[in-house]
Each structure stands twice: as C-alpha cells, then as structure tokens.
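So this block is data.cif, mmCIF, C-alpha atoms:
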data_coords
#
loop_
_atom_site.group_PDB
_atom_site.id
_atom_site.type_symbol
_atom_site.label_atom_id
_atom_site.label_comp_id
_atom_site.auth_asym_id
_atom_site.auth_seq_id
_atom_site.Cartn_x
_atom_site.Cartn_y
_atom_site.Cartn_z
ATOM 1 C CA MET A 1 0.000 0.000 0.000
ATOM 2 C CA SER A 2 1.459 3.340 -1.002
ATOM 3 C CA ALA A 3 1.365 6.448 1.166
ATOM 4 C CA SER A 4 -1.429 7.927 -0.939
ATOM 5 C CA ASP A 5 -3.504 4.732 -0.522
ATOM 6 C CA ASP A 6 -3.000 5.066 3.211
ATOM 7 C CA GLU A 7 -4.770 8.428 3.429
ATOM 8 C CA PRO A 8 -8.611 8.409 3.409
ATOM 9 C CA THR A 9 -10.000 11.606 1.911
ATOM 10 C CA ALA A 10 -13.569 10.994 0.737
ATOM 11 C CA SER A 11 -16.926 11.345 2.462
ATOM 12 C CA GLY A 12 -20.582 11.086 1.456
ATOM 13 C CA PRO A 13 -21.486 7.778 -0.217
ATOM 14 C CA LEU A 14 -18.200 6.303 0.949
ATOM 15 C CA ALA A 15 -19.561 6.266 4.506
ATOM 16 C CA GLY A 16 -22.137 3.662 3.525
ATOM 17 C CA LEU A 17 -19.549 1.573 1.717
ATOM 18 C CA VAL A 18 -17.175 1.613 4.672
ATOM 19 C CA GLN A 19 -20.033 0.685 7.004
ATOM 20 C CA ALA A 20 -21.072 -2.180 4.725
ATOM 21 C CA VAL A 21 -17.528 -3.550 4.579
ATOM 22 C CA ALA A 22 -16.576 -2.917 8.200
ATOM 23 C CA GLY A 23 -19.951 -3.460 9.867
ATOM 24 C CA ARG A 24 -19.196 -6.885 11.284
ATOM 25 C CA LEU A 25 -15.790 -5.798 12.536
ATOM 26 C CA LEU A 26 -17.282 -2.725 14.188
ATOM 27 C CA ASP A 27 -20.096 -4.848 15.642
ATOM 28 C CA HIS A 28 -22.865 -2.423 14.740
ATOM 29 C CA PRO A 29 -23.953 -3.240 11.213
ATOM 30 C CA ARG A 30 -26.706 -1.082 9.762
ATOM 31 C CA GLY A 31 -27.856 -3.260 6.871
ATOM 32 C CA LYS A 32 -31.521 -4.253 7.064
ATOM 33 C CA ALA A 33 -30.745 -7.881 6.248
ATOM 34 C CA THR A 34 -28.185 -8.092 9.051
ATOM 35 C CA GLN A 35 -30.538 -6.435 11.520
ATOM 36 C CA LEU A 36 -33.367 -8.761 10.513
ATOM 37 C CA ALA A 37 -31.147 -11.836 10.902
ATOM 38 C CA ARG A 38 -30.067 -10.705 14.369
ATOM 39 C CA LEU A 39 -33.648 -9.978 15.368
ATOM 40 C CA TRP A 40 -34.688 -13.407 14.073
ATOM 41 C CA ARG A 41 -32.040 -15.136 16.204
ATOM 42 C CA GLN A 42 -32.977 -13.036 19.219
ATOM 43 C CA LEU A 43 -36.723 -13.639 18.964
ATOM 44 C CA VAL A 44 -36.803 -17.340 18.024
ATOM 45 C CA GLY A 45 -33.952 -18.440 20.290
ATOM 46 C CA PRO A 46 -30.702 -20.273 19.579
ATOM 47 C CA GLN A 47 -32.148 -23.748 19.002
ATOM 48 C CA LEU A 48 -34.663 -22.694 16.348
ATOM 49 C CA ALA A 49 -32.182 -20.221 14.833
ATOM 50 C CA ARG A 50 -29.725 -23.088 14.165
ATOM 51 C CA HIS A 51 -32.293 -24.700 11.861
ATOM 52 C CA THR A 52 -33.615 -21.602 10.107
ATOM 53 C CA GLU A 53 -32.531 -18.442 8.358
ATOM 54 C CA PRO A 54 -34.542 -15.453 7.182
ATOM 55 C CA VAL A 55 -34.116 -14.948 3.452
ATOM 56 C CA ARG A 56 -36.134 -11.977 2.292
ATOM 57 C CA LEU A 57 -38.729 -9.514 3.538
ATOM 58 C CA MET A 58 -40.980 -8.383 0.717
ATOM 59 C CA ASN A 59 -44.420 -6.776 0.906
ATOM 60 C CA GLY A 60 -44.749 -7.674 4.575
ATOM 61 C CA GLU A 61 -43.917 -11.366 4.052
ATOM 62 C CA LEU A 62 -40.754 -12.799 5.573
ATOM 63 C CA THR A 63 -39.436 -15.848 3.723
ATOM 64 C CA VAL A 64 -37.535 -18.205 6.018
ATOM 65 C CA ARG A 65 -35.459 -21.244 5.025
ATOM 66 C CA VAL A 66 -35.943 -24.290 7.254
ATOM 67 C CA ASP A 67 -33.534 -27.228 7.203
ATOM 68 C CA SER A 68 -35.964 -30.103 7.914
ATOM 69 C CA SER A 69 -39.609 -31.085 7.717
ATOM 70 C CA ALA A 70 -39.747 -31.490 11.504
ATOM 71 C CA TRP A 71 -38.653 -27.881 12.044
ATOM 72 C CA LEU A 72 -40.997 -26.752 9.264
ATOM 73 C CA SER A 73 -43.939 -28.297 11.149
ATOM 74 C CA GLU A 74 -42.743 -26.751 14.400
ATOM 75 C CA LEU A 75 -42.452 -23.321 12.800
ATOM 76 C CA ASN A 76 -45.931 -23.514 11.308
ATOM 77 C CA PHE A 77 -47.217 -24.234 14.819
ATOM 78 C CA LEU A 78 -45.163 -21.405 16.411
ATOM 79 C CA ALA A 79 -45.678 -18.831 13.625
ATOM 80 C CA PRO A 80 -48.492 -16.812 15.271
ATOM 81 C CA ASP A 81 -46.467 -16.349 18.473
ATOM 82 C CA ILE A 82 -43.257 -15.481 16.583
ATOM 83 C CA LEU A 83 -45.178 -13.037 14.386
ATOM 84 C CA LEU A 84 -46.468 -11.210 17.474
ATOM 85 C CA ARG A 85 -42.942 -10.954 18.881
ATOM 86 C CA PHE A 86 -41.706 -9.463 15.610
ATOM 87 C CA GLN A 87 -44.598 -7.042 15.333
ATOM 88 C CA GLU A 88 -43.787 -5.728 18.822
ATOM 89 C CA GLN A 89 -40.218 -4.976 17.696
ATOM 90 C CA LEU A 90 -40.770 -3.645 14.165
ATOM 91 C CA PRO A 91 -42.606 -0.586 12.836
ATOM 92 C CA ALA A 92 -46.321 -1.218 12.219
ATOM 93 C CA GLY A 93 -47.034 -2.992 8.953
ATOM 94 C CA THR A 94 -43.449 -4.142 8.381
ATOM 95 C CA LEU A 95 -44.188 -7.845 8.879
ATOM 96 C CA LYS A 96 -47.608 -9.374 8.188
ATOM 97 C CA LYS A 97 -46.852 -13.059 7.655
ATOM 98 C CA PHE A 98 -44.208 -15.736 7.218
ATOM 99 C CA ARG A 99 -43.456 -18.032 4.324
ATOM 100 C CA PHE A 100 -41.436 -21.097 5.328
ATOM 101 C CA LYS A 101 -39.464 -23.109 2.750
ATOM 102 C CA GLN A 102 -37.702 -26.355 3.452
ATOM 103 C CA GLU A 103 -34.243 -26.264 1.866
ATOM 104 C CA SER A 104 -30.590 -26.289 2.812
ATOM 105 C CA LEU A 105 -29.427 -23.306 4.787
ATOM 106 C CA LYS A 106 -27.030 -21.066 2.886
ATOM 107 C CA PHE A 107 -25.391 -19.573 5.946
ATOM 108 C CA THR A 108 -24.553 -21.890 8.796
ATOM 109 C CA PRO A 109 -22.730 -19.975 11.511
ATOM 110 C CA ALA A 110 -20.014 -21.757 13.389
ATOM 111 C CA PRO A 111 -21.201 -22.691 16.855
ATOM 112 C CA ARG A 112 -19.804 -20.447 19.547
ATOM 113 C CA SER A 113 -18.951 -22.058 22.813
ATOM 114 C CA LYS A 114 -18.178 -18.768 24.502
ATOM 115 C CA PRO A 115 -18.268 -15.085 23.580
ATOM 116 C CA PRO A 116 -15.141 -13.582 22.038
ATOM 117 C CA PRO A 117 -12.746 -11.943 24.479
ATOM 118 C CA PRO A 118 -13.139 -8.195 24.927
ATOM 119 C CA ARG A 119 -10.969 -6.067 22.704
ATOM 120 C CA GLU A 120 -7.864 -4.639 24.275
ATOM 121 C CA PRO A 121 -7.698 -0.851 24.330
ATOM 122 C CA PRO A 122 -5.684 0.637 21.467
ATOM 123 C CA LEU A 123 -2.052 1.534 22.072
ATOM 124 C CA PRO A 124 -1.116 5.242 22.074
ATOM 125 C CA GLU A 125 0.737 4.866 18.768
ATOM 126 C CA GLU A 126 -2.343 3.230 17.217
ATOM 127 C CA LEU A 127 -4.535 6.103 18.378
ATOM 128 C CA GLU A 128 -2.055 8.602 16.959
ATOM 129 C CA ARG A 129 -1.856 6.789 13.611
ATOM 130 C CA ALA A 130 -5.658 6.500 13.326
ATOM 131 C CA GLU A 131 -6.060 10.214 14.070
ATOM 132 C CA ARG A 132 -3.424 11.117 11.480
ATOM 133 C CA LEU A 133 -5.009 8.910 8.834
ATOM 134 C CA CYS A 134 -8.497 10.272 9.526
ATOM 135 C CA ALA A 135 -7.489 13.944 9.727
ATOM 136 C CA PRO A 136 -8.375 14.731 6.071
ATOM 137 C CA ILE A 137 -11.915 13.324 6.388
ATOM 138 C CA THR A 138 -14.473 16.095 6.866
ATOM 139 C CA ASP A 139 -17.662 14.067 7.371
ATOM 140 C CA PRO A 140 -17.860 13.376 11.160
ATOM 141 C CA ARG A 141 -19.772 10.076 10.843
ATOM 142 C CA LEU A 142 -17.435 8.750 8.204
ATOM 143 C CA LYS A 143 -14.417 9.919 10.183
ATOM 144 C CA GLU A 144 -15.555 8.052 13.316
ATOM 145 C CA THR A 145 -16.418 4.913 11.313
ATOM 146 C CA VAL A 146 -13.029 4.871 9.561
ATOM 147 C CA ARG A 147 -11.245 5.586 12.861
ATOM 148 C CA ALA A 148 -13.037 2.687 14.595
ATOM 149 C CA PHE A 149 -12.299 0.396 11.657
ATOM 150 C CA LEU A 150 -8.602 1.344 11.631
ATOM 151 C CA LEU A 151 -8.242 0.828 15.388
ATOM 152 C CA ALA A 152 -10.009 -2.541 15.237
ATOM 153 C CA ASP A 153 -7.793 -3.631 12.337
ATOM 154 C CA MET A 154 -4.618 -2.479 14.105
ATOM 155 C CA GLY A 155 -5.656 -4.333 17.265
ATOM 156 C CA THR A 156 -6.369 -7.516 15.313
ATOM 157 C CA LYS A 157 -3.000 -7.339 13.576
ATOM 158 C CA ARG A 158 -1.255 -6.710 16.906
ATOM 159 C CA ARG A 159 -2.953 -9.734 18.525
ATOM 160 C CA GLU A 160 -2.039 -11.902 15.532
ATOM 161 C CA GLY A 161 1.558 -10.661 15.586
ATOM 162 C CA ARG A 162 1.330 -9.014 12.161
ATOM 163 C CA ARG A 163 2.804 -5.650 11.267
ATOM 164 C CA ASN A 164 0.452 -2.699 10.748
#

Reformat the file's structure so that it appears as structure tokens.
Amino acid sequence: MSASDDEPTASGPLAGLVQAVAGRLLDHPRGKATQLARLWRQLVGPQLARHTEPVRLMNGELTVRVDSSAWLSELNFLAPDILLRFQEQLPAGTLKKFRFKQESLKFTPAPRSKPPPPREPPLPEELERAERLCAPITDPRLKETVRAFLLADMGTKRREGRRN
C-alpha cells in the first residue's frame, strides 16, 4: 500500500460503503438484512435459529429457510407467536406473515462455545496513527467509522503478531 492509498480523503457515499464492509468488525452493522437476521435469532432463540434463516422480507412477508420437515412443522405451529414478537419490535405494517421453505441453509454460523474476548484498548501509537489517517476526512460520521475500523484492524493485527 502506497502512502497515498493510506490516506482516506472521501466522504458522502463512501460512509455507507465503509459501514457495509466494516460493519461486522465494528459490531454495529446497519444493513436491514443483518438487523433482521439478528432480530430473528434473538426472537426465536438459539435452538430454532440453528435450523432456520430469514431470506427476504418483501411486501410484509418474511421468507424463512428451514432445514428439515420437523422444524418446518414446528415453525408452522409457532408462527403466530413469533409473528407477534416481531410485530412488537418492528414498525407497524413491516411484517404481516411468514413463508417457510424447506431447503438447505445457505449460511450456517459456526457454533460459539463462549463469547469472544473483549478487545484490548488501542495503544497510544495506534490512536495517533488512526487520528493522522483520519485527519483529512471532513464528514464526522465517516471519520468516526473509519477511525473505529482502523483501530479494530490495528488491534487484530497486533494480537495476531502481524505488522500494521
């Protein structure tokens, strides 16, 4: 990476792109699909979430993949209760019904036995470098997003023993 590649200078639409790319790393993604998937896992619980995945929300209908006929039957039985839970969390009219499809899940998250360890605070030299790299950015939201991304990346590289 050259020195000019190292210096972020844009704002505006770039903020959305950076958020889309760095969302998972920053642990506050803003994409509707990501939010819906998290809400699904939260509202149906870990056991049911392991066998299902929301696919698409269109015209008030949420399509959900289900990995077996047994879970499909269970979901059809639980659907009214799950729908009420969703409707309490979402703006009125967002979700009106479910459509369940039995097929292989596309995204199967790795099981987590324990939460990841908390991030270590950035080192003073990492803070200084992030501030220097973000100095040309004028959009405050973009600047904070890029700064958080840079610090997270520097911390990851430090923990893995890689050079920044």

For this session: Pick out the closest residue to Thr63 of chain A from this set: A:Phe100, A:Phe86, A:Trp40, A:Phe149. Count only C-alpha atoms.
Result: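 Closest candidate: A:Phe100.
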
For this session: Taking the file as shown, find all residues satisfying the PyMOL selection byres ((chain A and resi 65) around 8) and write them as a PyMOL selection string.
Result: chain A and resi 52-55+63-64+66-67+100-105

Writer output for current selection, C-alpha atoms, as a JSON list (two decimals), keeping the file's coordinate frame:
[["chain", "number", "residue", "atom", "x", "y", "z"],
["A", 52, "THR", "CA", -33.62, -21.60, 10.11],
["A", 53, "GLU", "CA", -32.53, -18.44, 8.36],
["A", 54, "PRO", "CA", -34.54, -15.45, 7.18],
["A", 55, "VAL", "CA", -34.12, -14.95, 3.45],
["A", 63, "THR", "CA", -39.44, -15.85, 3.72],
["A", 64, "VAL", "CA", -37.53, -18.20, 6.02],
["A", 66, "VAL", "CA", -35.94, -24.29, 7.25],
["A", 67, "ASP", "CA", -33.53, -27.23, 7.20],
["A", 100, "PHE", "CA", -41.44, -21.10, 5.33],
["A", 101, "LYS", "CA", -39.46, -23.11, 2.75],
["A", 102, "GLN", "CA", -37.70, -26.36, 3.45],
["A", 103, "GLU", "CA", -34.24, -26.26, 1.87],
["A", 104, "SER", "CA", -30.59, -26.29, 2.81],
["A", 105, "LEU", "CA", -29.43, -23.31, 4.79]]

For this session: Rank nothing, just name the residue among A:Leu48, A:Leu95, A:Leu83, A:Ala130 nearest to Ala152 of chain A, using all atoms listed in the file.
Result: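 Counting all atoms listed in the file, the residue closest to Ala152 of chain A is A:Ala130.
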
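Nearest to Lys96 of chain A of all the residues A:Leu142, A:Leu150, A:Val44, A:Met58 is A:Met58, counting all atoms listed in the file.
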
For this session: Could you jot down the atom CA of Arg99 of chain A to atom CA of Arg41 of chain A separation for me, Å, one decimal place?
Result: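 For atom CA of Arg99 of chain A relative to atom CA of Arg41 of chain A, the distance reads 16.7 Å.
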
For this session: Using all atoms listed in the file, collect all residues at a distance of at most 10 Å from (-6.2, 9.0, 16.1) as written in the file, then present them as a PyMOL selection string.
Result: chain A and resi 122+124-135+144+147-148+150-151

Exercise. Between atom CA of Gln35 of chain A and atom CA of Asp81 of chain A, what is the distance, to one decimal in Å?
Worked result: 20.0 Å

Box for segment 127-140 of chain A: with edges along x, y and z, all listed atoms inside and 5 Å added on each side, what are the centre and edge lengths in Å to one decimal, as AutoDock Vina command-line options?
--center_x -9.9 --center_y 11.1 --center_z 12.2 --size_x 26.0 --size_y 20.0 --size_z 22.3

Problem set entry | d(atom CA of Ala70 of chain A, atom CA of Gln42 of chain A) in Å |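 These two atoms are separated by 21.1 Å.
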
For this session: Write out as a list in words the residues lying within 12 Å of Leu84 of chain A, counting only C-alpha atoms and excluding same-chain residues fewer than 6 positions away.
Result: Leu43, Val44, Leu78, Leu90, Ala92, Gly93, Thr94, Leu95, Lys96, Lys97 and Phe98 of chain A

Can I get the selection written as a short mmCIF file (atom, residue, chain, number, x, y, z; two decimals), in the coordinates of the input, with C-alpha atoms?
data_model
loop_
_atom_site.label_atom_id
_atom_site.label_comp_id
_atom_site.auth_asym_id
_atom_site.auth_seq_id
_atom_site.Cartn_x
_atom_site.Cartn_y
_atom_site.Cartn_z
CA LEU A 43 -36.72 -13.64 18.96
CA VAL A 44 -36.80 -17.34 18.02
CA LEU A 78 -45.16 -21.40 16.41
CA LEU A 90 -40.77 -3.64 14.16
CA ALA A 92 -46.32 -1.22 12.22
CA GLY A 93 -47.03 -2.99 8.95
CA THR A 94 -43.45 -4.14 8.38
CA LEU A 95 -44.19 -7.84 8.88
CA LYS A 96 -47.61 -9.37 8.19
CA LYS A 97 -46.85 -13.06 7.66
CA PHE A 98 -44.21 -15.74 7.22
#

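Between Arg159 of chain A and the candidates A:Ala37, A:Ile137, A:Leu123, A:Ala49, the tightest atom-to-atom separation, counting all atoms listed in the file, involves A:Leu123.
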
Problem set entry | Best match for closeness to Arg50 of chain A among A:Lys106, A:Gln87, A:Pro117, A:Pro140, counting all atoms listed in the file | A:Lys106

Could you extract segment 55-76 of chain A of the given structure into a file holding N, CA and C atoms, as a PDB file, in the first residue's frame?
ATOM      1  N   VAL A  55     -34.671 -15.126   4.790  1.00  0.00           N
ATOM      2  CA  VAL A  55     -34.116 -14.948   3.452  1.00  0.00           C
ATOM      3  C   VAL A  55     -34.446 -13.577   2.893  1.00  0.00           C
ATOM      4  N   ARG A  56     -35.724 -13.208   2.952  1.00  0.00           N
ATOM      5  CA  ARG A  56     -36.134 -11.977   2.292  1.00  0.00           C
ATOM      6  C   ARG A  56     -37.424 -11.475   2.944  1.00  0.00           C
ATOM      7  N   LEU A  57     -37.511 -10.167   3.080  1.00  0.00           N
ATOM      8  CA  LEU A  57     -38.729  -9.514   3.538  1.00  0.00           C
ATOM      9  C   LEU A  57     -39.249  -8.690   2.370  1.00  0.00           C
ATOM     10  N   MET A  58     -40.416  -9.082   1.860  1.00  0.00           N
ATOM     11  CA  MET A  58     -40.980  -8.383   0.717  1.00  0.00           C
ATOM     12  C   MET A  58     -42.492  -8.263   0.904  1.00  0.00           C
ATOM     13  N   ASN A  59     -42.981  -7.037   0.785  1.00  0.00           N
ATOM     14  CA  ASN A  59     -44.420  -6.776   0.906  1.00  0.00           C
ATOM     15  C   ASN A  59     -45.013  -7.340   2.193  1.00  0.00           C
ATOM     16  N   GLY A  60     -44.260  -7.230   3.276  1.00  0.00           N
ATOM     17  CA  GLY A  60     -44.749  -7.674   4.575  1.00  0.00           C
ATOM     18  C   GLY A  60     -44.641  -9.165   4.828  1.00  0.00           C
ATOM     19  N   GLU A  61     -44.063  -9.914   3.889  1.00  0.00           N
ATOM     20  CA  GLU A  61     -43.917 -11.366   4.052  1.00  0.00           C
ATOM     21  C   GLU A  61     -42.445 -11.707   4.219  1.00  0.00           C
ATOM     22  N   LEU A  62     -42.125 -12.373   5.316  1.00  0.00           N
ATOM     23  CA  LEU A  62     -40.754 -12.799   5.573  1.00  0.00           C
ATOM     24  C   LEU A  62     -40.611 -14.249   5.151  1.00  0.00           C
ATOM     25  N   THR A  63     -39.738 -14.492   4.163  1.00  0.00           N
ATOM     26  CA  THR A  63     -39.436 -15.848   3.723  1.00  0.00           C
ATOM     27  C   THR A  63     -38.305 -16.378   4.596  1.00  0.00           C
ATOM     28  N   VAL A  64     -38.502 -17.596   5.104  1.00  0.00           N
ATOM     29  CA  VAL A  64     -37.535 -18.205   6.018  1.00  0.00           C
ATOM     30  C   VAL A  64     -37.203 -19.607   5.518  1.00  0.00           C
ATOM     31  N   ARG A  65     -35.907 -19.888   5.362  1.00  0.00           N
ATOM     32  CA  ARG A  65     -35.459 -21.244   5.025  1.00  0.00           C
ATOM     33  C   ARG A  65     -35.475 -22.089   6.289  1.00  0.00           C
ATOM     34  N   VAL A  66     -35.883 -23.350   6.137  1.00  0.00           N
ATOM     35  CA  VAL A  66     -35.943 -24.290   7.254  1.00  0.00           C
ATOM     36  C   VAL A  66     -35.246 -25.567   6.806  1.00  0.00           C
ATOM     37  N   ASP A  67     -34.374 -26.117   7.650  1.00  0.00           N
ATOM     38  CA  ASP A  67     -33.534 -27.228   7.203  1.00  0.00           C
ATOM     39  C   ASP A  67     -34.142 -28.624   7.293  1.00  0.00           C
ATOM     40  N   SER A  68     -35.357 -28.770   7.851  1.00  0.00           N
ATOM     41  CA  SER A  68     -35.964 -30.103   7.914  1.00  0.00           C
ATOM     42  C   SER A  68     -37.479 -29.991   8.006  1.00  0.00           C
ATOM     43  N   SER A  69     -38.146 -31.086   7.658  1.00  0.00           N
ATOM     44  CA  SER A  69     -39.609 -31.085   7.717  1.00  0.00           C
ATOM     45  C   SER A  69     -40.099 -30.995   9.165  1.00  0.00           C
ATOM     46  N   ALA A  70     -39.350 -31.563  10.097  1.00  0.00           N
ATOM     47  CA  ALA A  70     -39.747 -31.490  11.504  1.00  0.00           C
ATOM     48  C   ALA A  70     -39.762 -30.036  11.988  1.00  0.00           C
ATOM     49  N   TRP A  71     -38.709 -29.289  11.636  1.00  0.00           N
ATOM     50  CA  TRP A  71     -38.653 -27.881  12.044  1.00  0.00           C
ATOM     51  C   TRP A  71     -39.673 -27.048  11.266  1.00  0.00           C
ATOM     52  N   LEU A  72     -39.974 -27.437  10.043  1.00  0.00           N
ATOM     53  CA  LEU A  72     -40.997 -26.752   9.264  1.00  0.00           C
ATOM     54  C   LEU A  72     -42.352 -26.878   9.955  1.00  0.00           C
ATOM     55  N   SER A  73     -42.687 -28.087  10.406  1.00  0.00           N
ATOM     56  CA  SER A  73     -43.939 -28.297  11.149  1.00  0.00           C
ATOM     57  C   SER A  73     -43.957 -27.486  12.436  1.00  0.00           C
ATOM     58  N   GLU A  74     -42.843 -27.503  13.138  1.00  0.00           N
ATOM     59  CA  GLU A  74     -42.743 -26.751  14.400  1.00  0.00           C
ATOM     60  C   GLU A  74     -42.943 -25.257  14.155  1.00  0.00           C
ATOM     61  N   LEU A  75     -42.315 -24.743  13.118  1.00  0.00           N
ATOM     62  CA  LEU A  75     -42.452 -23.321  12.800  1.00  0.00           C
ATOM     63  C   LEU A  75     -43.884 -22.947  12.431  1.00  0.00           C
ATOM     64  N   ASN A  76     -44.539 -23.797  11.658  1.00  0.00           N
ATOM     65  CA  ASN A  76     -45.931 -23.514  11.308  1.00  0.00           C
ATOM     66  C   ASN A  76     -46.797 -23.444  12.565  1.00  0.00           C
TER      67      ASN A  76
END
